Amino acid sequence: MLGKVLFHSRLFSGNEVLFCGLLSPQERRFLFDPGFYASQYLGALDGRKGLAAHFLAYGLDEHAWPSPLFDPDYYRRTYPDVAASRINPLTHYVLFGAREGRNPHALFDASFYASQAARQGVAVYNPICHFMTEGRRRGWRCHPSAPNHAYAGPFDVLCETAAFASQPLAYKAESAYWPGVRTYEPARKFFSSLEEEAAAFPQVERERCLQDLKSHPHITVAVPVSGSGLRRVERLCGSLARQIYPQWDAIFVDVAGACPDLVQRVQRASVDFQDRCKVLSLSAPEGRAAALNAAFEAAGGEFVCTLEPEDALAPHALLEVARAIEQDPSADAVYTDSDLLDTRGRLSGPVYKPAWSPEYFRHTDYVGRLLALRRERVHELGGFNPAFDGIEEYELLLRLSEHTPRILHVPVIACHCGLPEDSPAGAPDAAPHLTERQVKAVAEHLSRCGIDAEVRPDPVRLMQVYLQPRLNSSGPLVSILIPTRNQAALLSQCLESIYQKSTYRRFEVVLIDNASDEPDALALYERHPVRVIPFHEPFNFSRAINLALGHCEGSYLLLLNNDTEVLTPDWLEQMLFYAQRPDVGAVGALLLFPDGRIQHVGVALGTRARPHHIFRLASAADLEKSGLVGPVREVTAVTGACLMIKREDYEELGGLREFYQDIFQDVDLCMRLLQKGRRNLLNPRARLLHHESVSRGERHELRDCVLFAELWKNELAAGDRFLRTELAWRAARKS
């Protein structure tokens with residue numbers, strides 16, 4: 001039990017505030033007592049703050065009680081549905097159990113106590129609180145065969161002890177957010193120069209970094225050299241000399257004999273490790289792909305990293321690659337984050353990359369450098385293809401992704417990239433030619449994968465492509481499910497845009513009407529060929545959608561808000577094209593406010609105790625120019641305001657969870673899809689207006705926040721896999 005006492009209390013501070021904000025003062029008094037909770041840890045938690053956070057993180061697994069009046073182990077054993085839900089038993093009792101008449105303790109019979117209250121005409125919301133404040137004073141019993149003091153006695157005794165006299169925790173609204181920056185070791189920090197970075201890794205730090213490494217795969221660094229790159233070889237060799245990881249060698253390839261003094265330069269720069277460096281020369285001018293093939297043939301390493309001579313490696317670069325391989329020995333490729341390196345050794349422009357995102361990669365080469373490839377896999381694939389010179393690594397990685405999903409991302413800046421002045425990527429007129437090769441590479445890749453789409457160059461951004469779906473008119477039926485109540489003007493815009501603009505016509509519209517009573521709204525139902533499902537219950541989005549499922553016929557479901565308006569006529573084709581993939585779960589669209597700012601372009605798990613919309617309120621036009629918005633990409637979740645999903649997946653998951661009252665039911669659905677091994681995608685080429693009020697901001701329904709934090713606390717703590725939170729919020733803050 002004591003092994004986890006020294007926990008990172010800040011990490012769970014957001015969940016703690018949400019949890020404690022859920023409890024009324026009375027419930028806080030009787031259901032969570034900090035002094036009693038700390039006493040179970042034999043003094044190890046005395047004087048600590050954040051005890052509610054500790055309970056949420058560890059208490060249940062360590063069989064610690066939040067109060068002598070509530071037994072979480074008994075509650076979980078008695079009610080298997082609670083254990084299956086993954087909700088903390090105390091949270092479940094406060095939200096549901098007390099109202100449903102569930103027993104909080106073996107010595108408290110809720111139905112027996114409720115019968116006494118009913119005879120007296122007394123309404124009881126929380127039986128524990130009522131019994132402790134009113135019931136026992138009136139002589140009511142908490143159990144038919146046990147005396148009251150057997151249940152309440154331990155609490156009464158504790159009230160007289162010093163343990164219970166501890167001051168209540170201070171809960172501040174502003175602390176509902178986790179700290180925005182986590183504590184990273186030096187390898188996780190961004191440095192402004194090579195000198196500053198080198199100083200962060202003294203010998204003691206280097207030895208510490210190697211202590212926990214059990215396996216030591218040999219890594220070869222392959223560097224094709226031509227023209228002006230020769231002038232930077234010394235700097236690259238210097239970064240190799242500073243590597244913490246010792247099991248490496250390097251191969252420099254003179255592309256077509258263009259660098260006759262390469263051998264001398266490498267020897268001078270590697271005087272302390274000449275036995276690790278080898279220089280090869282091609283017999284004829286064959287290009288960079290041929291140079292890499294020669295390097296891979298001569299390499300002795302299990303993995304080979306490809307670099308440009310203008311690059312430099314961070315001291316921990318190869319160590320991070322080795323760590324990733326140790327964590328997953330089946331990995332076939334490893335890539336890291338990077339930044340830019342100028343001629344003066346200054347660093348700028350950090351590039352934070354997502355976890356392996358095959359859809360995003362089809363649209364743009366976000367992987368870049370540092371990239372380490374398993375040598376045997378490259379040989380099996382036939383090496384690098386000279387027909388794609390200039391994008392040879394991108395084309396090979398497309399082929400590799402067809403055979404293995406074991407492509408790992410290390411979220412560490414390990415490579416400092418300098419742009420070669422005379423390489424194909426550096427020539428001013430090269431980008432259009434490289435984009436043409438990229439279109440060809442992706443088209444061949446799609447053909448091998450059996451994906452029917454036309455590949456086109458992006459009209460705004462060089463070195464990006466997009467896929468134009470080829471769907472015929474006899475495609476699957478899409479059921480568009482729209483919960484609504486009154487709001488005739490909004491619903492009219494929504495329906496008219498669907499029927500007038502949509503080029504894909506295999507759809508049906510199902511309205512879930514939550515007791516509309518305005519004549520204008522009811523008249524709309526007659527003007528459009530919609531199916532109306534009456535829903536005469538207090539509004540619950542999840543319940544409304546689940547109810548409509550039995551009344552629709554489509555094999556694909558599209559959840560849609562009634563305050564949306566279609567902008568792109570092929571929005572259904574764009575979403576359906578991706579939703580039909582076997583490994584895709586939910587597909588979302590780009591939602592814009594009427595002023596052109598972003599309402600939704602994906603949902604991320606960040607530094608706060610809840611999910612949030614990325615780039616919210618940022619300019620869509622600005623982010624498109626920068627390339628942050630444009631390609632289809634993997635995301636953790638998409639909003640239920642416009643979400644397409646296979647009907648079979650929706651039914652298999654049991655639909656939306658109806659215990660969410662207002663928010664996060666859509667994110668929860670996407671999280672469960674991820675658990676099934678599905679990918680959730682955001683397609684910005686499907687665009688709608690969302691007439692949600694900008695001034696209203698994001699809603700904070702406390703109950704739903706607590707439930708989501710309980711169910712997905714580990715995922716929240718780990719952070720988002722597909723978008724660094726600092727990047728997502730930077731654009732939003734500037735808006």
# chains A, B, ... in the order shown; residues from 1 in each chain; ligands from 1
>>> residues_around(residues="region 363-368 of chain A", least_positions_apart="2", cutoff="10 Å", atoms="only C-alpha atoms", output="PyMOL selection string")
chain A and resi 306-307+334-338+351-361+370-371+391+393-395+397-398+409+415+417+435+438-439+442+455-458+461-467+627+630-633
>>> select_by_dssp(residues="region 531-574 of chain A", states="helix (DSSP H, G or I)", output="list in words")
Phe541, Ser542, Arg543, Ala544, Ile545, Asn546, Leu547, Ala548, Leu549, Trp571, Leu572, Glu573 and Gln574 of chain A
>>> residues_around(residues="region 383-387 of chain A", least_positions_apart="4", cutoff="12 Å", atoms="only C-alpha atoms", output="PyMOL selection string")
chain A and resi 285-297+306+373-379+391-400+434+436-438+440-441
>>> write_last_selection(atoms="N, CA and C atoms", output="compact mmCIF listing (two decimals), in the first residue's frame")
# COMPACT_ATOMS: atom_id res chain seq x y z
N PRO A 285 26.83 8.49 -61.15
CA PRO A 285 25.82 9.37 -60.55
C PRO A 285 24.44 8.74 -60.58
N GLU A 286 24.04 8.18 -59.47
CA GLU A 286 22.76 7.45 -59.41
C GLU A 286 21.76 8.08 -58.46
N GLY A 287 22.11 9.10 -57.70
CA GLY A 287 21.14 9.76 -56.84
C GLY A 287 21.17 9.27 -55.40
N ARG A 288 20.34 9.92 -54.60
CA ARG A 288 20.34 9.67 -53.16
C ARG A 288 19.80 8.28 -52.82
N ALA A 289 18.80 7.80 -53.56
CA ALA A 289 18.24 6.48 -53.28
C ALA A 289 19.30 5.40 -53.44
N ALA A 290 20.12 5.51 -54.49
CA ALA A 290 21.20 4.53 -54.70
C ALA A 290 22.23 4.63 -53.59
N ALA A 291 22.52 5.85 -53.12
CA ALA A 291 23.47 6.03 -52.03
C ALA A 291 22.96 5.36 -50.75
N LEU A 292 21.67 5.52 -50.47
CA LEU A 292 21.11 4.88 -49.27
C LEU A 292 21.12 3.36 -49.40
N ASN A 293 20.82 2.86 -50.58
CA ASN A 293 20.86 1.41 -50.78
C ASN A 293 22.27 0.87 -50.53
N ALA A 294 23.29 1.60 -51.00
CA ALA A 294 24.67 1.17 -50.76
C ALA A 294 25.00 1.19 -49.27
N ALA A 295 24.52 2.22 -48.58
CA ALA A 295 24.78 2.31 -47.14
C ALA A 295 24.10 1.17 -46.39
N PHE A 296 22.87 0.84 -46.76
CA PHE A 296 22.15 -0.24 -46.08
C PHE A 296 22.81 -1.59 -46.35
N GLU A 297 23.38 -1.77 -47.55
CA GLU A 297 24.08 -3.01 -47.86
C GLU A 297 25.33 -3.15 -47.00
N THR A 306 18.85 7.46 -41.22
CA THR A 306 19.26 8.24 -42.39
C THR A 306 19.31 9.72 -42.02
N LEU A 373 15.28 2.73 -39.40
CA LEU A 373 14.60 1.62 -40.07
C LEU A 373 15.30 0.30 -39.78
N ARG A 374 14.51 -0.73 -39.56
CA ARG A 374 15.09 -2.06 -39.38
C ARG A 374 15.70 -2.51 -40.71
N ARG A 375 16.99 -2.81 -40.69
CA ARG A 375 17.72 -3.08 -41.94
C ARG A 375 17.13 -4.27 -42.70
N GLU A 376 16.77 -5.33 -42.01
CA GLU A 376 16.25 -6.52 -42.68
C GLU A 376 14.93 -6.22 -43.39
N ARG A 377 14.11 -5.39 -42.77
CA ARG A 377 12.82 -5.03 -43.38
C ARG A 377 13.04 -4.27 -44.69
N VAL A 378 14.00 -3.36 -44.69
CA VAL A 378 14.29 -2.59 -45.90
C VAL A 378 14.76 -3.52 -47.01
N HIS A 379 15.59 -4.49 -46.68
CA HIS A 379 16.06 -5.44 -47.69
C HIS A 379 14.90 -6.27 -48.23
N ILE A 391 12.25 11.81 -52.44
CA ILE A 391 11.24 11.41 -51.45
C ILE A 391 11.36 9.91 -51.19
N GLU A 392 12.58 9.37 -51.36
CA GLU A 392 12.76 7.92 -51.30
C GLU A 392 12.38 7.33 -49.94
N GLU A 393 12.69 8.03 -48.86
CA GLU A 393 12.32 7.51 -47.54
C GLU A 393 10.81 7.51 -47.34
N TYR A 394 10.16 8.57 -47.82
CA TYR A 394 8.69 8.64 -47.74
C TYR A 394 8.05 7.48 -48.50
N GLU A 395 8.52 7.23 -49.71
CA GLU A 395 7.93 6.15 -50.52
C GLU A 395 8.19 4.80 -49.88
N LEU A 396 9.40 4.60 -49.32
CA LEU A 396 9.68 3.32 -48.67
C LEU A 396 8.82 3.13 -47.42
N LEU A 397 8.60 4.20 -46.67
CA LEU A 397 7.78 4.09 -45.47
C LEU A 397 6.33 3.79 -45.82
N LEU A 398 5.84 4.29 -46.95
CA LEU A 398 4.51 3.91 -47.42
C LEU A 398 4.45 2.40 -47.65
N ARG A 399 5.48 1.87 -48.32
CA ARG A 399 5.49 0.42 -48.56
C ARG A 399 5.61 -0.36 -47.26
N LEU A 400 6.45 0.14 -46.36
CA LEU A 400 6.62 -0.54 -45.08
C LEU A 400 5.31 -0.60 -44.30
N LEU A 434 8.78 17.24 -56.86
CA LEU A 434 8.69 16.29 -55.75
C LEU A 434 7.24 16.00 -55.40
N GLU A 436 4.83 15.93 -57.56
CA GLU A 436 4.39 14.99 -58.58
C GLU A 436 4.80 13.56 -58.21
N ARG A 437 6.03 13.41 -57.73
CA ARG A 437 6.49 12.08 -57.31
C ARG A 437 5.69 11.59 -56.10
N GLN A 438 5.35 12.53 -55.23
CA GLN A 438 4.55 12.15 -54.06
C GLN A 438 3.17 11.66 -54.49
N LYS A 440 2.42 10.25 -57.28
CA LYS A 440 2.62 8.92 -57.88
C LYS A 440 2.84 7.87 -56.80
N ALA A 441 3.64 8.19 -55.79
CA ALA A 441 3.93 7.24 -54.71
C ALA A 441 2.66 6.88 -53.95
>>> closest_residue(among="A:Asn88, A:Gln661, A:Ser226, A:Gln487", to="Gly59 (chain A)", atoms="only C-alpha atoms")
A:Asn88
>>> residues_around(residues="region 227-239 of chain A", least_positions_apart="2", cutoff="10 Å", atoms="only C-alpha atoms", output="ChimeraX atom specification")
/A:194,198,223-225,241-243,250,252,254-255,257-262,265-271,273,277,307-315,317,343,345,416,418-423
>>> write_last_selection(atoms="N, CA and C atoms", output="CSV table (one decimal), in the first residue's frame")
chain,number,residue,atom,x,y,z
A,194,LEU,N,23.1,24.4,-30.0
A,194,LEU,CA,23.8,23.1,-29.8
A,194,LEU,C,24.6,23.2,-28.5
A,198,ALA,N,24.3,20.6,-25.3
A,198,ALA,CA,25.4,19.8,-24.9
A,198,ALA,C,25.7,20.0,-23.4
A,223,VAL,N,24.7,8.5,-44.1
A,223,VAL,CA,24.7,9.9,-44.6
A,223,VAL,C,25.2,10.0,-46.0
A,224,PRO,N,24.2,10.2,-47.0
A,224,PRO,CA,24.6,10.5,-48.4
A,224,PRO,C,25.2,11.9,-48.4
A,225,VAL,N,26.3,12.1,-49.1
A,225,VAL,CA,26.9,13.5,-49.1
A,225,VAL,C,27.2,13.9,-50.5
A,241,ALA,N,30.1,12.3,-32.0
A,241,ALA,CA,31.0,12.1,-30.9
A,241,ALA,C,30.4,12.4,-29.5
A,242,ARG,N,29.3,13.2,-29.5
A,242,ARG,CA,28.6,13.5,-28.2
A,242,ARG,C,27.5,12.5,-27.8
A,243,GLN,N,27.4,11.5,-28.6
A,243,GLN,CA,26.3,10.5,-28.3
A,243,GLN,C,26.5,9.8,-27.0
A,250,ALA,N,28.9,4.8,-38.3
A,250,ALA,CA,28.4,5.7,-39.3
A,250,ALA,C,29.0,5.4,-40.7
A,252,PHE,N,29.3,7.2,-44.5
A,252,PHE,CA,29.2,8.4,-45.3
A,252,PHE,C,29.3,7.9,-46.8
A,254,ASP,N,29.7,9.0,-50.7
A,254,ASP,CA,30.0,10.1,-51.6
A,254,ASP,C,29.1,9.8,-52.9
A,255,VAL,N,28.1,10.6,-53.1
A,255,VAL,CA,27.1,10.4,-54.1
A,255,VAL,C,27.8,10.8,-55.5
A,257,GLY,N,30.8,10.5,-56.6
A,257,GLY,CA,32.2,11.0,-56.6
A,257,GLY,C,32.2,12.5,-56.6
A,258,ALA,N,31.2,13.2,-56.1
A,258,ALA,CA,31.2,14.6,-56.2
A,258,ALA,C,32.0,15.3,-55.1
A,259,CYS,N,32.4,14.5,-54.1
A,259,CYS,CA,33.2,15.0,-52.9
A,259,CYS,C,34.5,14.2,-52.8
A,260,PRO,N,35.5,14.5,-53.6
A,260,PRO,CA,36.7,13.8,-53.5
A,260,PRO,C,37.5,13.8,-52.2
A,261,ASP,N,37.3,14.9,-51.4
A,261,ASP,CA,38.0,15.0,-50.2
A,261,ASP,C,37.1,14.6,-49.0
A,262,LEU,N,36.0,13.9,-49.2
A,262,LEU,CA,35.2,13.4,-48.1
A,262,LEU,C,35.9,12.6,-47.1
A,265,ARG,N,38.0,14.7,-44.8
A,265,ARG,CA,37.2,15.5,-43.9
A,265,ARG,C,36.6,14.6,-42.8
A,266,VAL,N,36.1,13.4,-43.1
A,266,VAL,CA,35.6,12.5,-42.1
A,266,VAL,C,36.7,12.1,-41.2
A,267,GLN,N,37.9,11.8,-41.7
A,267,GLN,CA,38.9,11.3,-40.8
A,267,GLN,C,39.4,12.4,-39.8
A,268,ARG,N,39.4,13.7,-40.3
A,268,ARG,CA,39.8,14.8,-39.4
A,268,ARG,C,38.7,15.0,-38.3
A,269,ALA,N,37.5,14.9,-38.7
A,269,ALA,CA,36.4,15.2,-37.8
A,269,ALA,C,36.1,14.0,-36.8
A,270,SER,N,36.6,12.8,-37.2
A,270,SER,CA,36.3,11.7,-36.3
A,270,SER,C,37.6,11.1,-35.8
A,271,VAL,N,38.6,11.9,-35.5
A,271,VAL,CA,39.9,11.4,-35.1
A,271,VAL,C,39.8,10.5,-33.8
A,273,PHE,N,37.2,8.5,-33.1
A,273,PHE,CA,36.4,7.3,-33.3
A,273,PHE,C,36.4,6.9,-34.8
A,277,CYS,N,33.7,5.0,-38.4
A,277,CYS,CA,33.2,5.7,-39.6
A,277,CYS,C,33.8,5.1,-40.8
A,307,LEU,N,20.4,10.4,-42.4
A,307,LEU,CA,20.6,11.8,-42.1
A,307,LEU,C,21.1,12.5,-43.3
A,308,GLU,N,21.0,13.9,-43.3
A,308,GLU,CA,21.6,14.7,-44.3
A,308,GLU,C,22.9,15.2,-43.6
A,309,PRO,N,24.0,15.6,-44.4
A,309,PRO,CA,25.2,16.0,-43.8
A,309,PRO,C,25.1,17.4,-43.0
A,310,GLU,N,24.0,18.1,-43.4
A,310,GLU,CA,23.8,19.4,-42.7
A,310,GLU,C,23.1,19.2,-41.3
A,311,ASP,N,22.7,18.0,-41.0
A,311,ASP,CA,22.0,17.7,-39.7
A,311,ASP,C,23.0,17.6,-38.6
A,312,ALA,N,22.4,17.6,-37.4
A,312,ALA,CA,23.2,17.3,-36.2
A,312,ALA,C,22.2,16.5,-35.3
A,313,LEU,N,22.8,15.5,-34.5
A,313,LEU,CA,22.0,14.8,-33.6
A,313,LEU,C,22.1,15.3,-32.2
A,314,ALA,N,21.0,15.3,-31.5
A,314,ALA,CA,21.1,15.6,-30.0
A,314,ALA,C,21.9,14.6,-29.3
A,315,PRO,N,22.5,14.9,-28.2
A,315,PRO,CA,23.3,13.9,-27.5
A,315,PRO,C,22.5,12.6,-27.1
A,317,ALA,N,20.0,11.3,-28.9
A,317,ALA,CA,19.2,10.9,-30.0
A,317,ALA,C,19.2,9.3,-30.2
A,343,THR,N,23.1,27.8,-39.9
A,343,THR,CA,24.5,27.7,-40.1
A,343,THR,C,25.3,28.2,-38.8
A,345,GLY,N,24.5,27.4,-35.7
A,345,GLY,CA,24.3,26.4,-34.7
A,345,GLY,C,23.1,26.8,-33.8
A,416,HIS,N,18.4,17.7,-35.3
A,416,HIS,CA,18.4,19.1,-35.6
A,416,HIS,C,18.6,19.2,-37.1
A,418,GLY,N,19.2,20.6,-40.8
A,418,GLY,CA,19.6,21.7,-41.7
A,418,GLY,C,19.2,21.4,-43.1
A,419,LEU,N,18.8,22.4,-43.9
A,419,LEU,CA,18.3,22.2,-45.2
A,419,LEU,C,19.5,22.2,-46.2
A,420,PRO,N,19.7,21.1,-46.9
A,420,PRO,CA,20.8,21.1,-47.9
A,420,PRO,C,20.6,22.1,-49.0
A,421,GLU,N,21.6,22.9,-49.3
A,421,GLU,CA,21.4,24.0,-50.3
A,421,GLU,C,21.2,23.4,-51.7
A,422,ASP,N,21.9,22.3,-52.1
A,422,ASP,CA,21.8,21.8,-53.4
A,422,ASP,C,21.2,20.5,-53.6
A,423,SER,N,20.4,20.1,-52.5
A,423,SER,CA,19.7,18.8,-52.6
A,423,SER,C,18.4,19.1,-53.4
>>> residues_around(residues="region 144-156 of chain A", least_positions_apart="6", cutoff="10 Å", atoms="only C-alpha atoms", output="list in words")
Phe30, Asp33, Phe36, Ser67, Pro68, Leu69, Phe70, His105, Ala106, Leu107, Phe108, Asp109, Phe112, Tyr113, Ile128, Phe131, Met132, Arg136 and Phe164 of chain A
>>> write_last_selection(atoms="N, CA, C and O atoms", output="mmCIF file, in the first residue's frame")
data_model
loop_
_atom_site.group_PDB
_atom_site.id
_atom_site.type_symbol
_atom_site.label_atom_id
_atom_site.label_comp_id
_atom_site.auth_asym_id
_atom_site.auth_seq_id
_atom_site.Cartn_x
_atom_site.Cartn_y
_atom_site.Cartn_z
ATOM 1 N N PHE A 30 -19.472 13.318 5.435
ATOM 2 C CA PHE A 30 -19.736 11.929 5.785
ATOM 3 C C PHE A 30 -19.117 10.916 4.816
ATOM 4 O O PHE A 30 -18.911 9.764 5.190
ATOM 5 N N ASP A 33 -13.540 11.763 4.310
ATOM 6 C CA ASP A 33 -12.871 12.465 5.398
ATOM 7 C C ASP A 33 -11.362 12.335 5.223
ATOM 8 O O ASP A 33 -10.815 11.232 5.276
ATOM 9 N N PHE A 36 -9.481 10.502 8.208
ATOM 10 C CA PHE A 36 -9.700 9.058 8.249
ATOM 11 C C PHE A 36 -8.951 8.364 7.113
ATOM 12 O O PHE A 36 -8.319 7.327 7.308
ATOM 13 N N SER A 67 -14.267 6.866 3.914
ATOM 14 C CA SER A 67 -14.968 7.203 5.152
ATOM 15 C C SER A 67 -15.392 5.899 5.800
ATOM 16 O O SER A 67 -15.617 4.904 5.093
ATOM 17 N N PRO A 68 -15.547 5.855 7.116
ATOM 18 C CA PRO A 68 -16.028 4.613 7.742
ATOM 19 C C PRO A 68 -17.481 4.302 7.391
ATOM 20 O O PRO A 68 -17.955 3.195 7.676
ATOM 21 N N LEU A 69 -18.173 5.252 6.755
ATOM 22 C CA LEU A 69 -19.585 5.057 6.433
ATOM 23 C C LEU A 69 -19.792 4.491 5.029
ATOM 24 O O LEU A 69 -20.916 4.157 4.658
ATOM 25 N N PHE A 70 -18.725 4.410 4.236
ATOM 26 C CA PHE A 70 -18.859 3.894 2.870
ATOM 27 C C PHE A 70 -17.751 2.885 2.607
ATOM 28 O O PHE A 70 -16.565 3.202 2.733
ATOM 29 N N HIS A 105 -22.939 0.058 2.385
ATOM 30 C CA HIS A 105 -22.169 -0.637 3.422
ATOM 31 C C HIS A 105 -22.956 -1.882 3.791
ATOM 32 O O HIS A 105 -24.184 -1.925 3.675
ATOM 33 N N ALA A 106 -22.265 -2.913 4.249
ATOM 34 C CA ALA A 106 -22.952 -4.147 4.634
ATOM 35 C C ALA A 106 -23.922 -3.922 5.780
ATOM 36 O O ALA A 106 -24.887 -4.690 5.958
ATOM 37 N N LEU A 107 -23.710 -2.882 6.598
ATOM 38 C CA LEU A 107 -24.563 -2.603 7.752
ATOM 39 C C LEU A 107 -25.554 -1.477 7.485
ATOM 40 O O LEU A 107 -26.135 -0.938 8.427
ATOM 41 N N PHE A 108 -25.747 -1.127 6.225
ATOM 42 C CA PHE A 108 -26.738 -0.098 5.898
ATOM 43 C C PHE A 108 -27.629 -0.636 4.777
ATOM 44 O O PHE A 108 -27.181 -0.828 3.645
ATOM 45 N N ASP A 109 -28.906 -0.883 5.122
ATOM 46 C CA ASP A 109 -29.883 -1.387 4.169
ATOM 47 C C ASP A 109 -30.701 -0.206 3.659
ATOM 48 O O ASP A 109 -31.576 0.306 4.356
ATOM 49 N N PHE A 112 -34.582 -0.693 3.404
ATOM 50 C CA PHE A 112 -35.185 -0.732 4.739
ATOM 51 C C PHE A 112 -35.280 0.684 5.322
ATOM 52 O O PHE A 112 -36.316 1.072 5.882
ATOM 53 N N TYR A 113 -34.218 1.462 5.146
ATOM 54 C CA TYR A 113 -34.231 2.833 5.661
ATOM 55 C C TYR A 113 -35.242 3.692 4.902
ATOM 56 O O TYR A 113 -35.973 4.495 5.499
ATOM 57 N N ILE A 128 -27.341 8.067 3.569
ATOM 58 C CA ILE A 128 -26.286 8.186 4.583
ATOM 59 C C ILE A 128 -26.365 9.536 5.279
ATOM 60 O O ILE A 128 -26.364 9.623 6.513
ATOM 61 N N PHE A 131 -29.522 9.815 7.431
ATOM 62 C CA PHE A 131 -29.441 9.018 8.652
ATOM 63 C C PHE A 131 -28.534 9.676 9.688
ATOM 64 O O PHE A 131 -28.874 9.746 10.875
ATOM 65 N N MET A 132 -27.390 10.168 9.278
ATOM 66 C CA MET A 132 -26.433 10.735 10.222
ATOM 67 C C MET A 132 -26.915 12.060 10.810
ATOM 68 O O MET A 132 -26.570 12.391 11.953
ATOM 69 N N ARG A 136 -31.156 8.891 12.712
ATOM 70 C CA ARG A 136 -30.873 8.237 13.998
ATOM 71 C C ARG A 136 -31.370 9.064 15.165
ATOM 72 O O ARG A 136 -31.690 8.523 16.228
ATOM 73 N N PHE A 164 -9.427 13.190 12.890
ATOM 74 C CA PHE A 164 -10.560 13.780 12.179
ATOM 75 C C PHE A 164 -10.520 15.295 12.216
ATOM 76 O O PHE A 164 -11.261 15.951 11.495
#
>>> residues_around(residues="region 499-503 of chain A", least_positions_apart="3", cutoff="7 Å", atoms="only C-alpha atoms", output="list in words")
Leu495, Glu496, Pro569 and Asp570 of chain A
>>> residues_around(residues="region 468-482 of chain A", least_positions_apart="5", cutoff="9 Å", atoms="only C-alpha atoms", output="JSON, numbers by chain")
{"A": [452, 453, 454, 455, 456, 504, 505, 506, 507, 508, 509, 510, 511, 512, 513, 544, 545, 548, 549, 552, 553, 554, 555, 556, 557, 558, 559, 560, 561, 562, 572, 573, 574, 576, 577, 578, 644]}
>>> select_by_dssp(residues="region 251-409 of chain A", states="strand (DSSP E or B)", output="VMD selection string")
chain A and resid 251 to 254 277 to 281 303 to 306 312 to 313 333 to 341 346 to 351 364 371 to 374 407 to 409
